[in-house]
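See below for the structure under consideration.
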Amino acid sequence: MRVRSSFFASFCLVLEVLSVALFLRGFFPVPVKSSYSSKSKLSPNLSKVPDPLFKRVVIVLIDALREDFVFGPNGRKYMPYTRHLVERGSTHSFVAKARPPTVTMPRIKALTTGSIPGFIDVVMNLNSPALLEDNLIWQAKTAGKRMVFYGDDTWVKLFPKHFMEYDGTTSFFVSDYTEVDNNVTRHLDSTLKRDDWDLLILHYLGLDHIGHISGPHSSLIQPKLMEMDDILKKIHGSLILKELSRRTGALPYLLVLCGDHGMSETGSHGGSSAHEVNTPLVLISPAFKRKGKHFQQVDLTPTLALGLGLPISQNSVGRLIQPVVEEASLRDQLRFLHLNGHQLSCLLKDSMPAYEKEEGYEQFRVAEKSHGNWLKLVVEGNTSEVLNNMGKKVLKQYLEALRVMSAALSKQMGKYDMYSMVVGVVLVFQLLLLLLLAMPEALSGASEVDLPVSSALLSLPFYLLCLLLFSVHMLVCTSAESACYFCSLPWGLVFGAVALSSALLCILVSMAARKGTKPPGKSPSRASGGGWSLSELDILLLAGTAGHTLSLAASSFVEEEHQVWYFLLNTLCLVVFQDVCRKYFRERSANIGVIGCSEDEDCLPPSKEGYAVASPLTDFGVTGADSERWLALATPLLTLACCRLLRSLNQTGVQWVHLPDLGHWLNSSEHKTVLSLLAAMSLALIYFLVQRRCSWVSKIALALGLLGVYSYRAAVGNVMLPWQHSGGNMSKGTMKARFVYVFILGIFFTGSKDLLRSQVITADARLKSRGLWEIYSGVVLLVALLFRAHNLPVLCCCLLVQSLMAQFIWKKLHYDAAQTTIMHYWFGQAFFYFQGNSNSIATVDISVGFVGLESYVEAPAVFLTALSTYAGPLLWASHLICYLSSENRSSVAVGHGCYCLALLRSVPAAAYVVLVTALRYHLFIWSVFSPKLLYESMHTLLTAAICLFFTTMEQSRSSSRP
């Protein structure tokens, strides 16, 4: 069966998206959970917990509160009252370490369940479902505790019908950092006067929103922290008054100040840097003395549970913060530690088959036995000093056992669904091999692939493979100890997957056998001969793509992947410079012999339609072969200069992201004038580069839209208007952003109309090309609106490099579609990092999702955030569509481009699934490979959509031809 290469590539890429999705479903582990019912009290012999230590608890959770905001050198300036309490008051102050992913919903789960959430919770953070596993809030409700909550509505979604009074506010509308906190504070005076509650939770969001908008060094940080400090002072003062009026012997209060996660140097969070994982934990109570130490964030869960007289959540991996209970009697302290140890030992039994050999479990059994002997002596009335020393020894044994068991459970972060992962790996590799075997045919002049589908489906091995694989599936699903996602799918869907895998294997064998008996096809643009003829550029493109894939085997190269792409891009520019020199200087004498060509003329080969390709210099208003020769020579050098400038604009990666860069310098208040001039010049150059291929209506809309972009940035305070003072009033710029959206929609409408007219009414190639370029200009205008002001030069350089490379390199040096596609892919990957992105979730700028919005609306917010994050690859892929569609031999070019894109996305996808499968037991993949897997899955989905668009364009073009 013969199919066009574009359709074949789109089919493979869609299947690969499904295979990667199945792999990810198996890779993101099921959290470690106890085998007991999800919400039940402790076993009968431990159901009697000691009496509570505190009568009333107030939790003040400040979103994105970094450890240095309280304990750092600026702590006395930012939060003076809190710092005074830490240094001189009755407090326990700690540094609580959060585990990645450091986003809000997983951190709330960690604080309330004591468990360690996985990276799949990053996706669930957008729409949090009700928390069904055992947790502190459910235990408090079951025990009859009266709870009040104000703040982030994630709590309300996680714990529906748990609070007797609540008022939730969405956490995603990051443009608001005042009302979102005022909505919490307005309830304080009335609530603190009442005595009808036992647990008060306040979740403030303003600090996190300021970080997303302007970073941790913004001038807005200090006023917000001082506001939080005043709120803590008000709460503490109210509790002190109630403490003075309480009767003798009544239980004291507990005031908890904490953060769910920190804030990176760019103002975001989600990764594993020190500023993101280190948060302050201050426990304030008249029963405390001052101490300080490092603890894990999950340790707060068992501490609060025992402090309130509640059972510890069954899935908690935290250990009791011992200084909190050190004022209790030694007998009560040992009771607390025994409860915590019993809960951890039960969880250890459920998560590790060989739990009896674990060091922590053995230590706990020894401590438990010593505890029993000590209790016998106490009951007998022994009060000697030896007994007291023995009790302290048991205390140390318990603490060590808790530390070891907690560490072991933290490493065992989940149970992988290995069967689903293996099925995903097999399918991804089959598709990769299929693309590799079909490459010579797909890149031939016919741009078609001959697939032996009929012979494969009618062969005996196909039916035997189906029977074998289905038997294996039955065996695995009936003998698996834990639930498997692939086993839970309907039988019809599973049989389809089995048949597909068997068919792919038979097709691969047939194609491999055919390749062994026939010489490989010719490359579409290679010289005559029996096989492939590779130039220096081809070797670089192949070696660079393969080298990047091999570099993913090291975690350091994943963390600093941008360095690989920067190196490859610089090398590519040098090789292109060599090709330009060879064409215009070394081989100039050879061109003189061409009929009708002189020494000063650039002899272009005729196209298939019989006419020469027109010179592109008319677009720039330049004529003459000498000017063209020098412009072509300058293009790679100018590209190198642009890349070097953009590298200095945004620090990225993991190791050096904290270092100052040109973007920090431009965003400082004293350099706002420089940033304003740079933004204005960038927008003007963007208009000059984009408007050339648009209709006059789109040109006017583009000009007004770019003016609106500058006005929006001036409204939000990033740049200045000529008549505006530096201290002008800031606003959200909602109306100005919506003004730009109107012109974006108008450009999209104009381009879509021209594109439809060229396909339905008349087969006008120029009209179709203009429609594509107009849609592209609309994408550029949307990206310009979403980009930060200091990133507008990134967009400007992107368009400049595209224009110069298209005019003077790809056309004039006659690079074929495969070479051009790989170059676009390389540039797209490099510009992803030029924007300041990295393989860490912390660099995702979620503030752009609310440009022009007055409230949180999920669909546009997610779309705008994803578009801004992937603006670099998207712009280069869109330019590739427009460029290949404007070529004279566009049908073949589009097919080659679609096929190369599919192949380029399949190679790293296969590498990632193998590496993650091989390294699944190593903890570092959670902080390195997990965010990268999320990025790559989204990027693969984006590439699949682009290839489908390629295929649609090619099919419509073929059907419109007479």
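In the structure tokens, chains take letters A, B, ... by order of appearance, with residues numbered from 1 within each chain and ligands from 1 in the order shown.
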Exercise: segment 137-141 of chain A partners within 12 Å, only C-alpha atoms, chain neighbours under 4 positions left out, as a ChimeraX atom specification: /A:38-42,52,57,108-109,111-114,130-133,145-149,155-156,158-164,197-201,301-302,304-314
Contact residues around segment 179-194 of chain A with only C-alpha atoms at 12 Å, ignoring same-chain residues under 6 positions, as an MDAnalysis selection string: chainID A and resid 56:58 60:63 147:153 165:173 200:210 224:225 227:228 230:232 234:242 855
Selection from above, C-alpha atoms, as an mmCIF file, in the first residue's frame, can you write it?
data_model
loop_
_atom_site.group_PDB
_atom_site.id
_atom_site.type_symbol
_atom_site.label_atom_id
_atom_site.label_comp_id
_atom_site.auth_asym_id
_atom_site.auth_seq_id
_atom_site.Cartn_x
_atom_site.Cartn_y
_atom_site.Cartn_z
ATOM 1 C CA ARG A 56 -6.662 26.082 69.448
ATOM 2 C CA VAL A 57 -4.451 26.158 66.347
ATOM 3 C CA VAL A 58 -4.121 28.972 63.792
ATOM 4 C CA VAL A 60 -1.079 31.216 58.535
ATOM 5 C CA LEU A 61 0.142 29.872 55.185
ATOM 6 C CA ILE A 62 1.793 32.526 53.002
ATOM 7 C CA ASP A 63 2.098 31.244 49.452
ATOM 8 C CA MET A 147 -12.584 24.384 61.345
ATOM 9 C CA VAL A 148 -12.674 27.736 59.548
ATOM 10 C CA PHE A 149 -10.828 28.506 56.307
ATOM 11 C CA TYR A 150 -10.182 31.667 54.261
ATOM 12 C CA GLY A 151 -7.942 31.909 51.200
ATOM 13 C CA ASP A 152 -6.938 29.761 48.221
ATOM 14 C CA ASP A 153 -9.982 27.806 47.048
ATOM 15 C CA GLU A 165 -17.147 28.338 57.510
ATOM 16 C CA TYR A 166 -15.005 29.205 54.486
ATOM 17 C CA ASP A 167 -14.406 31.799 51.798
ATOM 18 C CA GLY A 168 -12.264 30.675 48.847
ATOM 19 C CA THR A 169 -10.441 32.773 46.256
ATOM 20 C CA THR A 170 -8.970 31.498 43.001
ATOM 21 C CA SER A 171 -5.178 31.230 43.053
ATOM 22 C CA PHE A 172 -4.621 31.432 39.291
ATOM 23 C CA PHE A 173 -5.483 35.070 38.604
ATOM 24 C CA LEU A 200 -8.307 28.400 61.694
ATOM 25 C CA ILE A 201 -6.482 28.192 58.336
ATOM 26 C CA LEU A 202 -5.515 31.346 56.412
ATOM 27 C CA HIS A 203 -3.897 30.973 52.974
ATOM 28 C CA TYR A 204 -2.538 34.265 51.580
ATOM 29 C CA LEU A 205 -1.727 34.423 47.849
ATOM 30 C CA GLY A 206 -0.529 37.975 47.176
ATOM 31 C CA LEU A 207 3.180 37.297 47.667
ATOM 32 C CA ASP A 208 3.104 34.442 45.140
ATOM 33 C CA HIS A 209 1.320 36.614 42.589
ATOM 34 C CA ILE A 210 3.866 39.417 42.988
ATOM 35 C CA LYS A 224 3.479 42.794 50.972
ATOM 36 C CA LEU A 225 5.701 41.072 53.562
ATOM 37 C CA GLU A 227 1.437 43.531 55.462
ATOM 38 C CA MET A 228 1.751 39.819 56.290
ATOM 39 C CA ASP A 230 1.120 43.079 60.608
ATOM 40 C CA ILE A 231 -1.484 40.351 60.135
ATOM 41 C CA LEU A 232 0.623 37.887 62.127
ATOM 42 C CA LYS A 234 -2.737 41.043 64.987
ATOM 43 C CA ILE A 235 -3.405 37.298 65.275
ATOM 44 C CA HIS A 236 -0.700 36.817 67.885
ATOM 45 C CA GLY A 237 -1.975 39.754 69.946
ATOM 46 C CA SER A 238 -5.498 38.382 69.909
ATOM 47 C CA LEU A 239 -4.303 34.942 70.999
ATOM 48 C CA ILE A 240 -2.239 36.457 73.808
ATOM 49 C CA LEU A 241 -5.310 38.262 75.155
ATOM 50 C CA LYS A 242 -7.262 35.010 75.121
ATOM 51 C CA SER A 855 -10.749 36.918 36.363
#
Residues within 9 Å of Leu339 of chain A, only C-alpha atoms, excluding chain neighbours under 3 positions, as a PyMOL selection string: chain A and resi 46+49+306+311-312+334-336+342-344
Residue selection dump (C-alpha atoms) as a short mmCIF file (atom, residue, chain, number, x, y, z; two decimals), in the first residue's frame:
data_model
loop_
_atom_site.label_atom_id
_atom_site.label_comp_id
_atom_site.auth_asym_id
_atom_site.auth_seq_id
_atom_site.Cartn_x
_atom_site.Cartn_y
_atom_site.Cartn_z
CA LEU A 46 -3.44 2.41 69.13
CA VAL A 49 -4.04 8.78 71.43
CA LEU A 306 -0.50 14.54 67.76
CA PRO A 311 -4.46 9.95 64.71
CA ILE A 312 -1.62 10.40 62.22
CA LEU A 334 7.80 8.10 74.13
CA ARG A 335 4.09 7.51 73.53
CA PHE A 336 4.07 10.12 70.75
CA HIS A 342 3.94 2.31 64.41
CA GLN A 343 2.30 4.31 61.61
CA LEU A 344 5.54 4.45 59.60
#
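Nearest to Gly746 of chain A of all the residues A:Glu774, A:Glu359, A:Asp195, A:Asp845 is A:Glu774, based on only C-alpha atoms.
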Counting only C-alpha atoms, what are the residues of segment 815-894 of chain A within 12 Å of segment 249-265 of chain A, and for each of them which pair of atoms is the nearest and at what distance in Å, to one decimal? Sort the table by chain and rising number, as CSV.
residue,atom,partner,partner_atom,distance
A:Ser840,CA,A:Ser264,CA,10.9
A:Ile841,CA,A:Ser264,CA,10.8
A:Ala842,CA,A:Ser264,CA,7.1
A:Thr843,CA,A:Ser264,CA,8.6
A:Val844,CA,A:Ser264,CA,11.3
A:Asp845,CA,A:Ser264,CA,11.8
Restricting it to C-alpha atoms, dump the selection as an mmCIF file, in the first residue's frame.
data_model
loop_
_atom_site.group_PDB
_atom_site.id
_atom_site.type_symbol
_atom_site.label_atom_id
_atom_site.label_comp_id
_atom_site.auth_asym_id
_atom_site.auth_seq_id
_atom_site.Cartn_x
_atom_site.Cartn_y
_atom_site.Cartn_z
ATOM 1 C CA SER A 840 12.276 22.993 35.098
ATOM 2 C CA ILE A 841 8.617 23.741 35.734
ATOM 3 C CA ALA A 842 9.729 26.817 37.674
ATOM 4 C CA THR A 843 10.433 28.771 34.451
ATOM 5 C CA VAL A 844 6.847 28.535 33.204
ATOM 6 C CA ASP A 845 5.522 32.101 33.269
#
Segment 62-202 of chain A: residues DSSP assigns to helix (DSSP H, G or I), reported as a PyMOL selection string: chain A and resi 68-71+75-78+80-88+104-113+120-124+136-142+154-158+179-185+188-193
Interatomic distance, atom CA of Ser937 of chain A to atom CA of Val907 of chain A (Å, one decimal): 12.9 Å
